[in-house]
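What follows is the content of protein.txt, which has compact mmCIF, C-alpha atoms and all ligand atoms:
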# COMPACT_ATOMS: atom_id res chain seq x y z
CA MET W 1 -246.04 83.35 10.11
CA THR W 2 -243.07 83.28 7.80
CA PHE W 3 -241.58 86.58 6.76
CA LYS W 4 -238.28 88.35 6.25
CA PRO W 5 -237.46 91.02 8.84
CA ASP W 6 -236.64 93.45 6.02
CA ILE W 7 -235.69 93.63 2.35
CA LEU W 8 -232.02 93.04 3.20
CA ALA W 9 -232.88 89.50 4.25
CA ALA W 10 -234.37 88.92 0.78
CA ILE W 11 -230.97 89.42 -0.87
CA GLY W 12 -229.39 86.16 -2.08
CA ASN W 13 -230.66 82.58 -1.93
CA THR W 14 -231.66 82.87 -5.57
CA PRO W 15 -232.74 79.75 -7.49
CA LEU W 16 -230.66 77.83 -10.02
CA ILE W 17 -232.58 77.50 -13.27
CA LYS W 18 -231.84 74.90 -15.93
CA LEU W 19 -231.20 76.52 -19.31
CA ARG W 20 -232.90 74.09 -21.64
CA HIS W 21 -231.46 75.07 -25.02
CA ALA W 22 -227.89 75.57 -23.77
CA SER W 23 -228.05 72.18 -22.03
CA LYS W 24 -229.37 70.44 -25.14
CA LEU W 25 -226.76 72.04 -27.38
CA THR W 26 -223.87 70.82 -25.24
CA GLY W 27 -225.20 67.61 -23.68
CA CYS W 28 -224.38 69.20 -20.33
CA THR W 29 -226.61 70.43 -17.54
CA ILE W 30 -226.24 74.20 -17.78
CA LEU W 31 -227.71 76.09 -14.86
CA GLY W 32 -228.21 79.84 -14.40
CA LYS W 33 -228.08 81.46 -10.97
CA ALA W 34 -231.11 83.76 -11.09
CA GLU W 35 -229.53 86.91 -9.66
CA PHE W 36 -232.16 89.07 -11.37
CA MET W 37 -234.49 87.83 -8.62
CA ASN W 38 -232.68 89.90 -5.99
CA PRO W 39 -234.67 92.92 -4.70
CA GLY W 40 -232.66 95.35 -6.87
CA GLN W 41 -232.95 92.93 -9.80
CA SER W 42 -229.22 92.25 -10.05
CA VAL W 43 -226.27 90.29 -8.67
CA LYS W 44 -224.89 93.54 -7.25
CA ASP W 45 -227.30 93.63 -4.30
CA ARG W 46 -225.01 91.10 -2.64
CA ALA W 47 -221.90 93.26 -3.03
CA ALA W 48 -223.82 96.36 -1.89
CA LEU W 49 -224.99 94.64 1.29
CA PHE W 50 -221.55 93.22 2.14
CA ILE W 51 -219.76 96.52 1.48
CA VAL W 52 -222.19 98.45 3.70
CA GLN W 53 -222.14 95.87 6.49
CA ASP W 54 -218.33 95.78 6.38
CA ALA W 55 -218.08 99.60 6.61
CA ILE W 56 -220.46 99.60 9.59
CA LYS W 57 -218.39 96.87 11.27
CA ARG W 58 -215.19 98.84 10.70
CA GLY W 59 -216.84 101.97 12.09
CA THR W 60 -216.24 104.01 8.93
CA LEU W 61 -219.96 104.21 8.12
CA ARG W 62 -221.82 105.81 11.00
CA PRO W 63 -225.54 106.56 11.50
CA GLY W 64 -226.59 109.36 9.14
CA GLY W 65 -223.48 108.82 6.99
CA VAL W 66 -223.34 109.03 3.21
CA ILE W 67 -222.42 106.24 0.77
CA VAL W 68 -220.64 107.40 -2.41
CA GLU W 69 -219.98 105.11 -5.37
CA GLY W 70 -219.02 105.06 -9.01
CA THR W 71 -221.04 102.41 -10.85
CA ALA W 72 -222.38 101.24 -14.19
CA GLY W 73 -225.72 101.31 -12.36
CA ASN W 74 -226.50 98.01 -10.69
CA THR W 75 -224.23 98.48 -7.68
CA GLY W 76 -225.71 101.94 -7.27
CA ILE W 77 -229.23 100.51 -7.33
CA GLY W 78 -228.21 97.92 -4.71
CA LEU W 79 -226.55 100.57 -2.54
CA ALA W 80 -229.55 102.91 -2.84
CA LEU W 81 -231.97 100.20 -1.70
CA VAL W 82 -229.68 98.93 1.07
CA GLY W 83 -229.00 102.56 2.08
CA ASN W 84 -232.74 103.34 2.23
CA ALA W 85 -233.40 100.27 4.35
CA MET W 86 -230.58 101.14 6.76
CA GLY W 87 -230.89 104.93 6.83
CA PHE W 88 -227.95 106.05 4.68
CA ARG W 89 -228.01 108.61 1.86
CA THR W 90 -226.43 107.53 -1.42
CA ILE W 91 -224.59 109.60 -4.00
CA ILE W 92 -223.98 107.73 -7.24
CA VAL W 93 -221.58 108.68 -10.05
CA VAL W 94 -222.49 106.96 -13.31
CA PRO W 95 -221.05 107.18 -16.86
CA GLU W 96 -223.67 108.88 -19.06
CA THR W 97 -223.52 106.02 -21.60
CA GLN W 98 -225.28 103.61 -19.24
CA SER W 99 -228.90 102.69 -19.92
CA GLN W 100 -231.59 105.28 -19.18
CA GLU W 101 -233.56 102.62 -17.30
CA LYS W 102 -230.78 102.15 -14.73
CA LYS W 103 -230.39 105.91 -14.28
CA ASP W 104 -234.17 106.28 -13.88
CA MET W 105 -234.21 103.50 -11.28
CA LEU W 106 -231.41 105.23 -9.33
CA ARG W 107 -233.35 108.51 -9.33
CA LEU W 108 -236.60 106.90 -8.28
CA ALA W 109 -234.84 105.06 -5.46
CA GLY W 110 -233.77 108.47 -4.17
CA ALA W 111 -230.06 108.27 -4.93
CA GLU W 112 -228.38 111.55 -5.79
CA LEU W 113 -227.23 110.92 -9.35
CA ILE W 114 -224.17 112.48 -10.95
CA GLU W 115 -223.68 111.69 -14.62
CA VAL W 116 -220.18 112.04 -16.04
CA PRO W 117 -218.72 111.53 -19.54
CA ALA W 118 -217.54 107.94 -20.17
CA VAL W 119 -213.74 108.09 -20.29
CA PRO W 120 -211.15 105.33 -19.74
CA TYR W 121 -209.88 104.46 -16.27
CA ALA W 122 -206.50 106.10 -16.97
CA ASN W 123 -208.27 109.47 -17.30
CA PRO W 124 -208.60 111.33 -13.96
CA ASN W 125 -212.22 112.14 -14.88
CA ASN W 126 -213.19 108.46 -15.07
CA TYR W 127 -216.37 107.83 -13.02
CA VAL W 128 -214.58 105.59 -10.52
CA LYS W 129 -211.94 108.23 -9.79
CA VAL W 130 -214.54 111.04 -9.64
CA SER W 131 -216.50 109.05 -7.03
CA GLY W 132 -213.34 108.38 -4.98
CA ARG W 133 -212.40 112.06 -4.86
CA LEU W 134 -215.97 113.08 -4.05
CA ALA W 135 -216.14 110.58 -1.18
CA GLU W 136 -212.89 111.91 0.23
CA ARG W 137 -214.23 115.48 0.14
CA LEU W 138 -217.57 114.54 1.70
CA ALA W 139 -215.90 112.45 4.41
CA ALA W 140 -214.44 115.72 5.68
CA SER W 141 -217.46 117.99 5.12
CA GLU W 142 -220.51 115.78 5.90
CA PRO W 143 -221.55 116.01 9.58
CA ASN W 144 -221.81 112.21 9.87
CA GLY W 145 -219.05 111.39 7.42
CA ALA W 146 -219.06 109.58 4.08
CA ILE W 147 -217.59 106.37 2.70
CA TRP W 148 -216.48 105.34 -0.76
CA ALA W 149 -217.95 101.89 -1.49
CA ASN W 150 -215.09 101.32 -3.99
CA GLN W 151 -216.58 98.09 -5.36
CA PHE W 152 -213.65 97.43 -7.72
CA ASP W 153 -210.93 97.29 -5.08
CA ASN W 154 -212.89 96.76 -1.86
CA VAL W 155 -212.72 93.00 -1.27
CA ALA W 156 -215.83 93.05 0.92
CA ASN W 157 -217.46 92.73 -2.53
CA ARG W 158 -215.92 89.35 -3.33
CA GLN W 159 -216.28 88.27 0.30
CA GLY W 160 -220.03 88.47 -0.28
CA HIS W 161 -219.72 85.88 -3.03
CA ILE W 162 -217.29 83.73 -1.00
CA GLU W 163 -219.84 83.64 1.83
CA THR W 164 -223.13 83.49 -0.09
CA THR W 165 -223.18 82.92 -3.88
CA GLY W 166 -220.46 80.23 -3.90
CA PRO W 167 -221.83 78.14 -1.01
CA GLU W 168 -225.39 78.47 -2.39
CA ILE W 169 -224.24 77.07 -5.76
CA TRP W 170 -222.35 74.25 -4.01
CA GLU W 171 -225.39 73.28 -1.95
CA GLN W 172 -227.88 73.66 -4.80
CA THR W 173 -225.80 71.35 -7.01
CA GLU W 174 -225.11 69.02 -4.06
CA GLY W 175 -221.42 69.40 -4.86
CA LYS W 176 -221.93 67.85 -8.31
CA ILE W 177 -220.67 70.89 -10.16
CA ASP W 178 -217.95 70.55 -12.82
CA GLY W 179 -217.62 74.11 -14.06
CA PHE W 180 -218.45 77.70 -13.24
CA ILE W 181 -218.11 80.61 -15.65
CA CYS W 182 -219.01 84.29 -15.80
CA ALA W 183 -217.85 87.69 -17.01
CA VAL W 184 -216.01 90.27 -14.95
CA GLY W 185 -217.02 93.79 -13.98
CA THR W 186 -215.31 94.20 -10.64
CA GLY W 187 -214.45 90.49 -10.56
CA GLY W 188 -216.24 90.02 -7.25
CA THR W 189 -218.65 87.39 -8.57
CA LEU W 190 -216.12 85.34 -10.56
CA ALA W 191 -213.33 85.42 -7.97
CA GLY W 192 -215.63 84.96 -4.96
CA VAL W 193 -217.57 82.03 -6.39
CA ALA W 194 -214.37 80.48 -7.81
CA LEU W 195 -212.58 80.65 -4.46
CA ALA W 196 -215.57 79.17 -2.61
CA LEU W 197 -215.94 76.30 -5.11
CA LYS W 198 -212.21 75.50 -5.40
CA GLU W 199 -212.01 75.33 -1.61
CA ARG W 200 -214.69 72.62 -1.66
CA ASN W 201 -213.41 70.84 -4.79
CA PRO W 202 -210.21 72.00 -6.53
CA LYS W 203 -211.26 70.06 -9.64
CA VAL W 204 -214.12 72.44 -10.50
CA THR W 205 -213.12 74.19 -13.75
CA ILE W 206 -213.38 77.98 -13.53
CA GLY W 207 -213.95 79.89 -16.77
CA LEU W 208 -213.79 83.56 -17.68
CA ALA W 209 -216.30 84.80 -20.26
CA ASP W 210 -214.86 88.08 -21.52
CA PRO W 211 -216.76 90.48 -23.79
CA MET W 212 -214.98 92.24 -26.66
CA GLY W 213 -213.33 95.47 -25.54
CA ALA W 214 -212.14 93.92 -22.25
CA ALA W 215 -208.51 93.07 -21.52
CA LEU W 216 -208.79 90.01 -19.29
CA TYR W 217 -209.05 87.34 -21.99
CA SER W 218 -205.70 88.52 -23.31
CA TYR W 219 -204.32 88.74 -19.76
CA PHE W 220 -205.26 85.18 -18.82
CA THR W 221 -204.15 83.68 -22.15
CA THR W 222 -200.97 85.69 -22.89
CA GLY W 223 -200.16 87.60 -19.69
CA GLU W 224 -200.71 90.93 -21.44
CA LEU W 225 -203.58 93.34 -20.67
CA LYS W 226 -204.79 94.14 -24.17
CA ALA W 227 -208.29 95.03 -25.37
CA THR W 228 -209.70 94.68 -28.88
CA GLY W 229 -213.15 95.50 -30.26
CA SER W 230 -216.14 96.68 -28.27
CA SER W 231 -219.40 95.48 -26.74
CA ILE W 232 -222.82 96.98 -26.01
CA THR W 233 -223.04 94.98 -22.77
CA GLU W 234 -222.99 96.98 -19.55
CA GLY W 235 -221.44 96.31 -16.16
CA ILE W 236 -218.74 93.98 -17.52
CA GLY W 237 -215.52 94.30 -19.49
CA GLN W 238 -212.53 95.08 -17.31
CA GLY W 239 -209.25 96.61 -18.46
CA ARG W 240 -207.17 96.14 -15.31
CA ILE W 241 -206.54 93.67 -12.49
CA THR W 242 -208.81 94.90 -9.70
CA LYS W 243 -208.23 93.84 -6.09
CA ASN W 244 -211.38 91.72 -6.44
CA ILE W 245 -210.16 89.72 -9.44
CA GLU W 246 -206.58 89.43 -8.15
CA GLY W 247 -205.66 85.79 -7.48
CA ALA W 248 -208.87 84.37 -8.99
CA PRO W 249 -208.21 80.70 -9.87
CA ILE W 250 -209.15 80.89 -13.56
CA ASP W 251 -208.53 77.72 -15.62
CA VAL W 252 -209.86 78.71 -19.03
CA ALA W 253 -210.83 81.95 -20.77
CA PHE W 254 -213.15 82.65 -23.71
CA GLN W 255 -213.73 85.84 -25.65
CA ILE W 256 -217.38 86.34 -26.60
CA PRO W 257 -218.57 88.78 -29.28
CA ASP W 258 -222.00 90.47 -28.94
CA GLU W 259 -223.09 88.70 -32.14
CA GLU W 260 -222.82 85.42 -30.22
CA ALA W 261 -224.37 86.66 -26.95
CA LEU W 262 -227.36 88.62 -28.28
CA PRO W 263 -229.16 85.79 -30.12
CA ILE W 264 -228.86 83.79 -26.87
CA ILE W 265 -230.59 86.60 -24.94
CA PHE W 266 -233.41 86.76 -27.50
CA ASP W 267 -233.72 82.97 -27.59
CA LEU W 268 -233.88 82.68 -23.78
CA LEU W 269 -236.69 85.24 -23.73
CA GLN W 270 -238.67 83.78 -26.62
CA HIS W 271 -238.34 80.09 -25.79
CA GLU W 272 -237.62 79.91 -22.07
CA GLY W 273 -239.35 83.02 -20.70
CA LEU W 274 -236.14 84.42 -19.25
CA CYS W 275 -235.82 88.19 -19.73
CA LEU W 276 -232.15 89.06 -19.20
CA GLY W 277 -229.59 91.80 -19.71
CA GLY W 278 -226.61 91.63 -22.06
CA SER W 279 -224.02 90.41 -19.56
CA SER W 280 -226.15 87.30 -18.97
CA GLY W 281 -225.89 86.62 -22.72
CA ILE W 282 -222.09 86.73 -22.48
CA ASN W 283 -222.29 84.39 -19.47
CA VAL W 284 -224.58 81.83 -21.10
CA ALA W 285 -222.50 81.93 -24.30
CA GLY W 286 -219.49 81.29 -22.05
CA ALA W 287 -221.26 78.37 -20.37
CA ILE W 288 -221.95 76.83 -23.78
CA ARG W 289 -218.28 77.25 -24.75
CA LEU W 290 -217.22 75.69 -21.42
CA GLY W 291 -219.70 72.83 -21.99
CA ARG W 292 -218.07 72.14 -25.37
CA HIS W 293 -214.63 72.41 -23.76
CA LEU W 294 -215.44 69.90 -20.99
CA GLY W 295 -217.63 67.64 -23.13
CA PRO W 296 -221.13 66.17 -22.57
CA GLY W 297 -222.37 65.02 -19.18
CA HIS W 298 -220.99 67.87 -17.09
CA THR W 299 -222.82 70.30 -14.82
CA ILE W 300 -221.96 73.93 -15.44
CA VAL W 301 -223.23 76.97 -13.57
CA THR W 302 -223.29 80.57 -14.75
CA VAL W 303 -224.88 83.81 -13.57
CA LEU W 304 -228.05 85.48 -14.84
CA CYS W 305 -226.90 88.91 -13.70
CA ASP W 306 -229.85 91.25 -14.16
CA TYR W 307 -233.32 91.68 -15.67
CA GLY W 308 -233.77 92.61 -19.32
CA THR W 309 -236.23 95.49 -18.83
CA ARG W 310 -233.21 97.42 -17.54
CA TYR W 311 -232.06 97.58 -21.20
CA GLN W 312 -235.33 98.09 -23.05
CA SER W 313 -234.00 101.22 -24.78
CA LYS W 314 -230.92 99.39 -26.10
CA LEU W 315 -230.93 95.59 -26.25
CA PHE W 316 -234.64 95.41 -27.04
CA ASN W 317 -234.84 98.55 -29.22
CA PRO W 318 -234.94 97.79 -32.99
CA ASP W 319 -233.55 101.25 -33.91
CA PHE W 320 -230.61 100.83 -31.55
CA LEU W 321 -229.84 97.30 -32.78
CA ARG W 322 -230.07 98.42 -36.42
CA THR W 323 -227.67 101.33 -35.99
CA LYS W 324 -225.18 98.96 -34.33
CA ASN W 325 -225.68 96.34 -37.06
CA LEU W 326 -226.60 93.74 -34.44
CA PRO W 327 -228.92 90.74 -34.74
CA MET W 328 -232.57 91.54 -34.05
CA PRO W 329 -235.50 89.25 -33.21
CA GLU W 330 -238.41 89.66 -35.64
CA TRP W 331 -241.01 89.91 -32.87
CA LEU W 332 -239.65 93.26 -31.63
CA GLU W 333 -241.18 94.97 -34.66
CA ARG W 334 -244.20 92.71 -35.02
CA LYS W 335 -247.52 94.47 -35.41
CA SER W 336 -250.66 92.53 -34.73
CA THR W 337 -252.71 91.71 -37.82
CA ILE W 338 -255.60 90.40 -35.76
CA ASP W 339 -258.84 92.34 -36.16
CA PRO W 340 -260.39 92.40 -32.69
N1 LIG W 401 -223.47 92.03 -15.10
C1 LIG W 401 -223.98 93.23 -14.79
C2 LIG W 401 -225.23 93.69 -15.48
C3 LIG W 401 -223.36 94.04 -13.82
O1 LIG W 401 -223.88 95.24 -13.51
C4 LIG W 401 -222.19 93.57 -13.20
C5 LIG W 401 -221.51 94.39 -12.15
N2 LIG W 401 -220.79 95.48 -12.60
C6 LIG W 401 -221.66 92.33 -13.58
C7 LIG W 401 -222.35 91.58 -14.53
C8 LIG W 401 -220.34 91.79 -13.07
O2 LIG W 401 -220.29 91.49 -11.71
P1 LIG W 401 -218.96 91.70 -10.88
O3 LIG W 401 -218.83 93.18 -10.59
O4 LIG W 401 -219.15 90.90 -9.66
O5 LIG W 401 -217.78 91.25 -11.69
Transcribe the structure of this file into structure tokens.
Amino acid sequence: MTFKPDILAAIGNTPLIKLRHASKLTGCTILGKAEFMNPGQSVKDRAALFIVQDAIKRGTLRPGGVIVEGTAGNTGIGLALVGNAMGFRTIIVVPETQSQEKKDMLRLAGAELIEVPAVPYANPNNYVKVSGRLAERLAASEPNGAIWANQFDNVANRQGHIETTGPEIWEQTEGKIDGFICAVGTGGTLAGVALALKERNPKVTIGLADPMGAALYSYFTTGELKATGSSITEGIGQGRITKNIEGAPIDVAFQIPDEEALPIIFDLLQHEGLCLGGSSGINVAGAIRLGRHLGPGHTIVTVLCDYGTRYQSKLFNPDFLRTKNLPMPEWLERKSTIDP
């Protein structure tokens, strides 16, 4: 018999998938790490597992304890599933602008969901700060205590990528990797994978793919944290240097508008059968830019962060795309003319 002892053991060890069109365009081998194949359908299952295991090891998370977190959704989904499998309650604070599908998934997984208005980090009512204060209060009042997962500044997050995602990519490419690129939410994925790869080969080029509205492209090119524009992508687009991104060995940065990322998402679905969320579009667009930067013949890896059905009401909704003046694939509105 071969089986996993539980769902936690099914987190990670995701396949690398060749992206045909991106590879052809650049003359490179562009590979996507299929993180949407994790049990919670996103890359954040890894961070959730490492954060919880770390808190147990430190003795801050005790049996019957509560996990509190502020999240764009995916980390919350990961924490809820990990929490269910290990016997911890989860309380999740999410900005109300995040997709309905992610909020529905959190509710159905049994997380206690608190929706708050989306305000910038500097505002004391920002979802991250609300979750931190709530965790502090519950740590004192809950009979078995509570922890704040604190994914942005808790480096157990990036440790997960140093110990799993990075080494998996190294082994899957047999060390023949020339570049790695992805966007930043907490920075755990980019910094963790970058540190793991650079340790094995300092010549691997690390790229940042920054959406509009984020401040890191400006930070890594001019030293100034400055944001311009906006993006409909969720879970990425950072305005500050989190503990997880601090010290990430980034060699090159690209700024990617939604108009460049969205057609890639639609194309990957229509021609390669890959149904992905918006941040994966930013990542693949970044991989194409990095491929052009390095030139043909290189192997470049990026991250396919989460599954597209999580954004059906936005990314794949013609009304939403029209109101935002964004590119739309014709098949979304196609009505069958076949007479059955
Ligand atoms: N894509 C999506 C859809 C996410 O939810 C996240 C996590 N916030 C990321 C990308 C970025 O991952 P990280 O937090 O490791 O930077």
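Remark: for Val52 of chain W, the closest of the candidate residues W:Gly160, W:Gly286, W:Gly239, W:Gly73 is W:Gly160 (distances computed over all atoms listed in the file).
You can rank W:Ile77, W:Leu294, W:Cys28, W:Ile92 by their closest distance to Arg310 of chain W using all atoms listed in the file, and at the top of that list sits W:Ile77.
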Can you tell me which residues surround segment 197-206 of chain W at a distance of at most 12 Å, considering all atoms listed in the file, apart from same-chain residues fewer than 6 positions away, and format the answer as a PyMOL selection string?
chain W and resi 161-171+173-183+189-191+248-254+286-287+290-291+293-294+298-302
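Nearest residue to Pro296 of chain W, choosing from W:Asn126, W:Ser131, W:Thr26, W:Thr2 and counting only C-alpha atoms: W:Thr26.
Near ligand LIG 401 (chain W), at a distance of at most 7 Å and with all atoms listed in the file counted, sit the residues Ser42, Val43, Lys44, Ala72, Gly73, Asn74, Thr75, Ala183, Val184, Gly185, Thr186, Gly187, Gly188, Thr189, Leu190, Glu234, Gly235, Ile236, Gly277, Ser279, Ser280, Cys305 and Asp306 of chain W.
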Excluding Pro117 of chain W and residues on its chain fewer than 4 positions from it, collect all residues at most 12 Å away from it, counting only C-alpha atoms, and give them as a ChimeraX atom specification.
/W:93-98,121,123-128,130
Between atom CA of Leu49 of chain W and atom CA of Glu69 of chain W, distance in Å (one decimal)
13.4 Å
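Atom CA of Ile17 of chain W to atom CA of Glu35 of chain W spans 10.5 Å [interatomic distance, one decimal].
In this comparison, which uses all atoms listed in the file, the residue of W:Leu79, W:Ala196, W:Ala85, W:Ile256 approaching Leu106 of chain W most closely is W:Leu79.
Closest approach to Ser99 of chain W among W:Gly132, W:Gly308, W:Gly223, W:Pro63: W:Gly308, based on only C-alpha atoms.
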If we count only C-alpha atoms and set the cut-off at 10 Å, which residues sit around Asn38 of chain W, ignoring sequence neighbours fewer than 2 positions away in its own chain? Please answer as a PyMOL selection string.
chain W and resi 7-8+10-14+34-36+40-46+78+305-307
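For the residues W:Gln159, W:Asp210, W:Leu274, W:Thr309, ranking by smallest atom-to-atom distance to Arg289 of chain W using all atoms listed in the file places W:Asp210 first.
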I'd like the box whose edges run along x, y and z of the file and which contains every listed atom of segment 143-156 of chain W, padded by 3 Å per side; could you state its centre and edge lengths in Å, one decimal, as lines of an AutoDock Vina configuration file?
center_x = -216.4
center_y = 104.5
center_z = 1.1
size_x = 16.9
size_y = 29.0
size_z = 23.6
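From atom CA of Thr233 of chain W back to atom CA of Gly278 of chain W, the distance works out to 4.9 Å.
The point (-226.5, 108.5, 0.7) has these residues within 10 Å of it when all atoms listed in the file are used: Gly64, Gly65, Val66, Ile67, Val68, Glu69, Leu79, Ala80, Gly83, Asn84, Gly87, Phe88, Arg89, Thr90, Ile91, Ile92, Gly110, Ala111, Glu112, Ala146 and Ile147 of chain W.
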For Pro257 of chain W, list every protein, DNA or RNA residue within 7 Å, evaluated using all atoms listed in the file, and leave out those in the same chain fewer than 3 positions away; present the list as an MDAnalysis selection string.
chainID W and resid 211:212 260:261
